[in-house]
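Peer 1: Sharing entry07.csv here; it has CSV, C-alpha atoms.
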chain,number,residue,atom,x,y,z
A,1,LEU,CA,101.4,112.7,115.3
A,2,GLY,CA,103.2,111.6,118.4
A,3,THR,CA,106.4,110.9,116.4
A,4,SER,CA,109.6,112.6,115.8
A,5,TYR,CA,111.5,112.2,112.5
A,6,SER,CA,114.3,114.2,111.0
A,7,LEU,CA,114.0,115.4,107.4
A,8,GLU,CA,117.5,114.1,107.1
A,9,THR,CA,116.1,110.6,106.8
A,10,PRO,CA,116.5,109.9,103.1
A,11,SER,CA,113.4,107.7,102.8
A,12,LEU,CA,111.2,110.3,104.6
A,13,SER,CA,112.4,113.2,102.4
A,14,SER,CA,111.7,111.1,99.3
A,15,LEU,CA,108.2,110.2,100.5
A,16,LEU,CA,107.4,113.9,101.2
A,17,GLU,CA,108.9,115.0,97.9
A,18,GLY,CA,106.5,112.5,96.2
A,19,CYS,CA,103.6,114.2,97.9
A,20,ILE,CA,104.8,117.6,96.9
A,21,SER,CA,105.2,116.5,93.3
A,22,LYS,CA,101.5,115.5,93.4
A,23,ASN,CA,100.6,119.0,94.7
A,24,TYR,CA,99.1,117.5,97.9
A,25,ASP,CA,98.2,120.0,100.6
A,26,PHE,CA,99.0,119.3,104.2
A,27,GLY,CA,95.6,117.7,104.9
A,28,THR,CA,95.9,115.4,102.0
A,29,VAL,CA,99.4,114.3,103.0
A,30,TYR,CA,98.2,113.8,106.6
A,31,GLY,CA,95.2,111.8,105.5
A,32,ARG,CA,97.3,109.6,103.2
A,33,LEU,CA,100.2,108.9,105.6
A,34,ARG,CA,98.8,109.0,109.1
A,35,GLN,CA,97.9,105.3,109.2
A,36,VAL,CA,101.3,104.1,108.0
A,37,TRP,CA,103.3,106.8,109.8
A,38,TYR,CA,104.3,104.6,112.8
A,39,THR,CA,106.4,102.1,110.9
A,40,GLU,CA,109.9,101.2,112.0
A,41,ASP,CA,111.3,101.9,108.5
A,42,CYS,CA,109.9,104.8,106.5
A,43,SER,CA,111.4,103.4,103.3
A,44,THR,CA,108.7,100.7,103.3
A,45,ILE,CA,105.8,103.2,103.3
A,46,PRO,CA,105.6,103.7,99.5
A,47,GLU,CA,105.7,100.0,98.8
A,48,GLU,CA,103.0,99.4,101.5
A,49,LEU,CA,100.7,102.0,100.0
A,50,CYS,CA,101.3,100.7,96.5
A,51,ARG,CA,100.5,97.1,97.6
A,52,CYS,CA,97.2,98.3,99.3
A,53,GLU,CA,96.2,100.3,96.2
A,54,GLN,CA,96.9,97.4,93.9
A,55,LYS,CA,94.9,95.0,96.1
A,56,ASP,CA,91.9,97.4,96.0
A,57,TYR,CA,92.2,97.8,92.2
A,58,GLU,CA,92.2,94.1,91.7
A,59,LEU,CA,89.2,93.7,94.1
A,60,ARG,CA,87.2,96.3,92.2
A,61,ARG,CA,88.2,94.9,88.8
A,62,ASN,CA,87.2,91.4,89.8
A,63,ALA,CA,83.9,92.6,91.1
A,64,LEU,CA,82.7,93.3,87.5
A,65,ASP,CA,82.3,90.8,84.7
A,66,GLY,CA,81.5,93.0,81.8
A,67,ASN,CA,78.4,94.9,82.9
A,68,CYS,CA,77.5,92.3,85.6
A,69,ILE,CA,78.5,92.8,89.2
A,70,VAL,CA,79.7,89.5,90.6
A,71,ASN,CA,80.7,90.8,94.0
A,72,PRO,CA,78.2,93.2,95.4
A,73,ALA,CA,79.8,93.2,98.8
A,74,MET,CA,82.1,96.1,98.1
A,75,ASP,CA,83.4,98.6,100.6
A,76,PRO,CA,83.1,102.2,99.4
A,77,ARG,CA,85.9,103.5,97.2
A,78,ARG,CA,86.5,106.5,99.4
A,79,ALA,CA,85.8,107.7,102.9
A,80,TRP,CA,85.9,111.1,104.6
A,81,ASP,CA,88.9,111.1,107.0
A,82,LEU,CA,87.5,113.4,109.7
A,83,TYR,CA,90.9,113.9,111.3
A,84,SER,CA,92.6,115.2,108.2
A,85,ASN,CA,89.3,116.6,106.8
A,86,ARG,CA,90.0,115.0,103.4
A,87,VAL,CA,88.4,112.3,101.3
A,88,VAL,CA,90.8,109.4,101.1
A,89,PRO,CA,90.7,106.0,99.3
A,90,THR,CA,89.4,103.4,101.8
A,91,TRP,CA,92.5,101.3,101.2
A,92,ILE,CA,94.4,103.9,103.1
A,93,ALA,CA,92.1,103.8,106.1
A,94,ARG,CA,93.0,100.9,108.3
A,95,SER,CA,90.1,101.7,110.5
A,96,ASP,CA,86.4,101.0,110.2
A,97,CYS,CA,84.8,103.1,107.5
A,98,SER,CA,81.3,101.7,107.9
A,99,CYS,CA,79.6,104.8,109.1
A,100,PRO,CA,77.4,105.9,106.2
A,101,ILE,CA,75.7,109.2,106.1
A,102,SER,CA,73.2,110.1,103.4
A,103,HIS,CA,72.7,113.6,102.4
A,104,ALA,CA,69.2,115.2,102.8
A,105,TRP,CA,67.1,115.1,99.6
A,106,VAL,CA,65.9,118.6,99.0
A,107,ASP,CA,64.6,120.6,96.1
A,108,ASP,CA,67.2,122.0,93.8
A,109,GLY,CA,66.4,125.5,95.1
A,110,ASP,CA,67.2,124.4,98.7
A,111,ARG,CA,70.6,123.0,97.8
A,112,VAL,CA,74.0,124.4,97.0
A,113,ASP,CA,76.9,122.9,95.2
A,114,VAL,CA,80.0,123.3,97.3
A,115,TRP,CA,83.5,123.0,95.8
A,116,THR,CA,85.7,122.0,98.7
A,117,PRO,CA,89.3,121.0,99.5
A,118,ILE,CA,87.9,118.1,101.4
A,119,ASN,CA,87.6,116.2,98.1
A,120,GLY,CA,90.4,118.0,96.4
A,121,HIS,CA,87.9,120.3,94.5
A,122,GLU,CA,87.4,117.3,92.2
A,123,TRP,CA,83.6,117.5,92.0
A,124,PRO,CA,80.8,119.8,93.4
A,125,VAL,CA,79.2,118.5,96.6
A,126,PRO,CA,75.4,119.1,96.6
A,127,ILE,CA,74.2,119.7,100.2
A,128,PRO,CA,71.2,121.5,101.7
A,129,SER,CA,71.8,125.2,101.9
A,130,VAL,CA,70.9,125.2,105.6
A,131,THR,CA,74.0,123.2,106.6
A,132,ASN,CA,77.7,122.9,105.8
A,133,LEU,CA,80.3,120.2,105.8
A,134,ASN,CA,82.1,121.6,108.8
A,135,LEU,CA,79.0,121.2,111.0
A,136,ILE,CA,78.6,117.6,109.8
A,137,ARG,CA,82.3,116.9,110.5
A,138,ILE,CA,82.1,118.4,114.1
A,139,GLU,CA,79.0,116.2,114.9
A,140,MET,CA,80.7,113.1,113.6
A,141,LEU,CA,83.9,113.8,115.6
A,142,ASN,CA,81.7,114.4,118.7
A,143,LEU,CA,80.2,110.9,118.1
A,144,GLY,CA,83.8,109.5,118.2
A,145,ARG,CA,84.0,108.8,114.4
A,146,GLU,CA,87.4,108.8,112.6
A,147,TYR,CA,86.0,107.9,109.1
A,148,VAL,CA,82.6,108.3,107.6
A,149,TRP,CA,81.1,107.8,104.2
A,150,LEU,CA,79.0,110.7,103.0
A,151,ASP,CA,77.6,109.7,99.7
A,152,VAL,CA,77.7,113.1,97.9
A,153,LEU,CA,81.2,113.8,99.2
A,154,CYS,CA,82.8,110.4,98.6
A,155,LEU,CA,81.1,109.4,95.3
A,156,ARG,CA,82.1,111.5,92.3
A,157,GLN,CA,79.2,113.8,91.4
A,158,LYS,CA,78.2,115.2,88.0
A,159,GLY,CA,79.9,118.4,87.1
A,160,GLY,CA,83.3,117.4,88.2
A,161,LEU,CA,86.6,117.7,86.3
A,162,ARG,CA,86.7,113.9,85.4
A,163,GLU,CA,83.3,113.1,84.1
A,164,ASP,CA,84.8,110.1,82.3
A,165,LEU,CA,86.1,108.7,85.6
A,166,ARG,CA,82.7,109.4,87.3
A,167,ALA,CA,80.9,107.3,84.7
A,168,GLU,CA,83.4,104.5,85.0
A,169,GLU,CA,83.3,104.5,88.8
A,170,TRP,CA,79.5,104.6,89.0
A,171,LEU,CA,79.3,101.3,87.0
A,172,LEU,CA,80.3,99.6,90.3
A,173,ASP,CA,79.9,102.2,93.1
A,174,VAL,CA,76.3,103.2,92.6
A,175,PRO,CA,74.8,99.6,92.3
A,176,THR,CA,76.7,98.5,95.4
A,177,ILE,CA,75.7,101.4,97.6
A,178,GLY,CA,73.2,99.1,99.4
A,179,TYR,CA,76.2,97.2,100.9
A,180,VAL,CA,77.5,100.4,102.4
A,181,TYR,CA,74.2,101.2,104.1
In structure tokens, what does this structure look like?
Peer 2:
Amino acid sequence: LGTSYSLETPSLSSLLEGCISKNYDFGTVYGRLRQVWYTEDCSTIPEELCRCEQKDYELRRNALDGNCIVNPAMDPRRAWDLYSNRVVPTWIARSDCSCPISHAWVDDGDRVDVWTPINGHEWPVPIPSVTNLNLIRIEMLNLGREYVWLDVLCLRQKGGLREDLRAEEWLLDVPTIGYVY
């Protein structure tokens, strides 16, 4: 990361203990913290992350009026952080996340559902059986990308652990996909 911190720093230890308590693996910790890592005072990181998350929550809440979308110009909820190889909320990414990639539409027999640590094993990622997420990641990194939005990886898919949350997120996320593209 190009920085040097001691674990003796109370605010840093507290921050990392919070990540451990949430069972984050190293990639997830890196993806969530790398944009705020270079602060003068590590004790401000939790407050900054909370502020950004709350701002995103309010933006999404205010984009809906009942079942009517009043703000269709919504950034995606999540992006694939190619450096950490994890899906992260876009409010964490302080860089441009506007590189959309659409999966290839193929027959069910030519597709596999992949459970991956990239999205925390939260939902299966349907991709063509002739490719894999690592090849896509390498190509995007070679193109100089830091974040991309791969629809089937960044949108909750059917068959995941939180079907209730998928249905709720899709009320806003699916109708506003056009803005992403």
Peer 1: Kindly give the distance, in Å, that separates CA of Asp151 in chain A and CA of Arg78 in chain A, rounded to a single decimal.
Peer 2: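 Between these atoms lies a distance of 9.5 Å.
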Peer 1: Find the distance between CA of Leu161 in chain A and CA of Ser129 in chain A and write it in Å to one decimal.
Peer 2: 22.8 Å
Peer 1: When distances are computed from only C-alpha atoms, which of A:Asp25, A:Val180, A:Glu40, A:Ser95 shows the smallest separation from Asn119 in chain A?
Peer 2: A:Asp25
Peer 1: Please report as JSON lines every residue of range 39-120 of chain A lying within 10 Å of range 137-149 of chain A, along with the nearest atom pair and their distance in Å (one decimal), using only C-alpha atoms.
Peer 2:
{"residue": "A:Pro76", "atom": "CA", "partner": "A:Trp149", "partner_atom": "CA", "distance": 7.6}
{"residue": "A:Arg77", "atom": "CA", "partner": "A:Trp149", "partner_atom": "CA", "distance": 9.5}
{"residue": "A:Arg78", "atom": "CA", "partner": "A:Trp149", "partner_atom": "CA", "distance": 7.3}
{"residue": "A:Ala79", "atom": "CA", "partner": "A:Trp149", "partner_atom": "CA", "distance": 4.9}
{"residue": "A:Trp80", "atom": "CA", "partner": "A:Val148", "partner_atom": "CA", "distance": 5.3}
{"residue": "A:Asp81", "atom": "CA", "partner": "A:Tyr147", "partner_atom": "CA", "distance": 4.8}
{"residue": "A:Leu82", "atom": "CA", "partner": "A:Glu146", "partner_atom": "CA", "distance": 5.4}
{"residue": "A:Tyr83", "atom": "CA", "partner": "A:Glu146", "partner_atom": "CA", "distance": 6.3}
{"residue": "A:Ser84", "atom": "CA", "partner": "A:Glu146", "partner_atom": "CA", "distance": 9.3}
{"residue": "A:Asn85", "atom": "CA", "partner": "A:Arg137", "partner_atom": "CA", "distance": 7.9}
{"residue": "A:Arg86", "atom": "CA", "partner": "A:Tyr147", "partner_atom": "CA", "distance": 9.9}
{"residue": "A:Val87", "atom": "CA", "partner": "A:Trp149", "partner_atom": "CA", "distance": 9.1}
{"residue": "A:Val88", "atom": "CA", "partner": "A:Tyr147", "partner_atom": "CA", "distance": 9.4}
{"residue": "A:Thr90", "atom": "CA", "partner": "A:Tyr147", "partner_atom": "CA", "distance": 9.2}
{"residue": "A:Ala93", "atom": "CA", "partner": "A:Tyr147", "partner_atom": "CA", "distance": 7.9}
{"residue": "A:Arg94", "atom": "CA", "partner": "A:Tyr147", "partner_atom": "CA", "distance": 9.9}
{"residue": "A:Ser95", "atom": "CA", "partner": "A:Tyr147", "partner_atom": "CA", "distance": 7.6}
{"residue": "A:Asp96", "atom": "CA", "partner": "A:Tyr147", "partner_atom": "CA", "distance": 7.0}
{"residue": "A:Cys97", "atom": "CA", "partner": "A:Tyr147", "partner_atom": "CA", "distance": 5.2}
{"residue": "A:Ser98", "atom": "CA", "partner": "A:Val148", "partner_atom": "CA", "distance": 6.7}
{"residue": "A:Cys99", "atom": "CA", "partner": "A:Val148", "partner_atom": "CA", "distance": 4.8}
{"residue": "A:Pro100", "atom": "CA", "partner": "A:Trp149", "partner_atom": "CA", "distance": 4.6}
{"residue": "A:Ile101", "atom": "CA", "partner": "A:Trp149", "partner_atom": "CA", "distance": 5.9}
{"residue": "A:Ser102", "atom": "CA", "partner": "A:Trp149", "partner_atom": "CA", "distance": 8.3}
Peer 1: Measuring between all atoms listed in the file, which one of A:Asp173, A:Thr28, A:Val130, A:Lys22 shows the shortest distance to Arg61 in chain A?
Peer 2: A:Asp173
Peer 1: Would you compute the distance between CA of Cys19 in chain A and CA of Ser6 in chain A? Give it in Å to one decimal.
Peer 2: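 Separation of CA of Cys19 in chain A and CA of Ser6 in chain A: 16.9 Å.
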Peer 1: Would you pick out the contacts of Glu168 in chain A at 12 Å or less, using only C-alpha atoms, so that residues sharing its chain but fewer than 5 positions from it are not included, and give the list as number ranges by chain?
Peer 2: A: 60-61, 64, 67, 155-156, 162-163, 173-174
Peer 1: Which one of A:Ile118, A:Leu59, A:Val152, A:Ile20 sits closest to Ile177 in chain A if you count all atoms listed in the file?
Peer 2: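 Between A:Ile118, A:Leu59, A:Val152, A:Ile20, the residue approaching Ile177 in chain A most closely is A:Val152.
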Peer 1: Can you tell me, as a PyMOL selection string, what residues are no more than 7 Å from Pro126 in chain A when counting all atoms listed in the file, ignoring any on the same chain fewer than 5 positions away?
Peer 2: chain A and resi 111-114+152
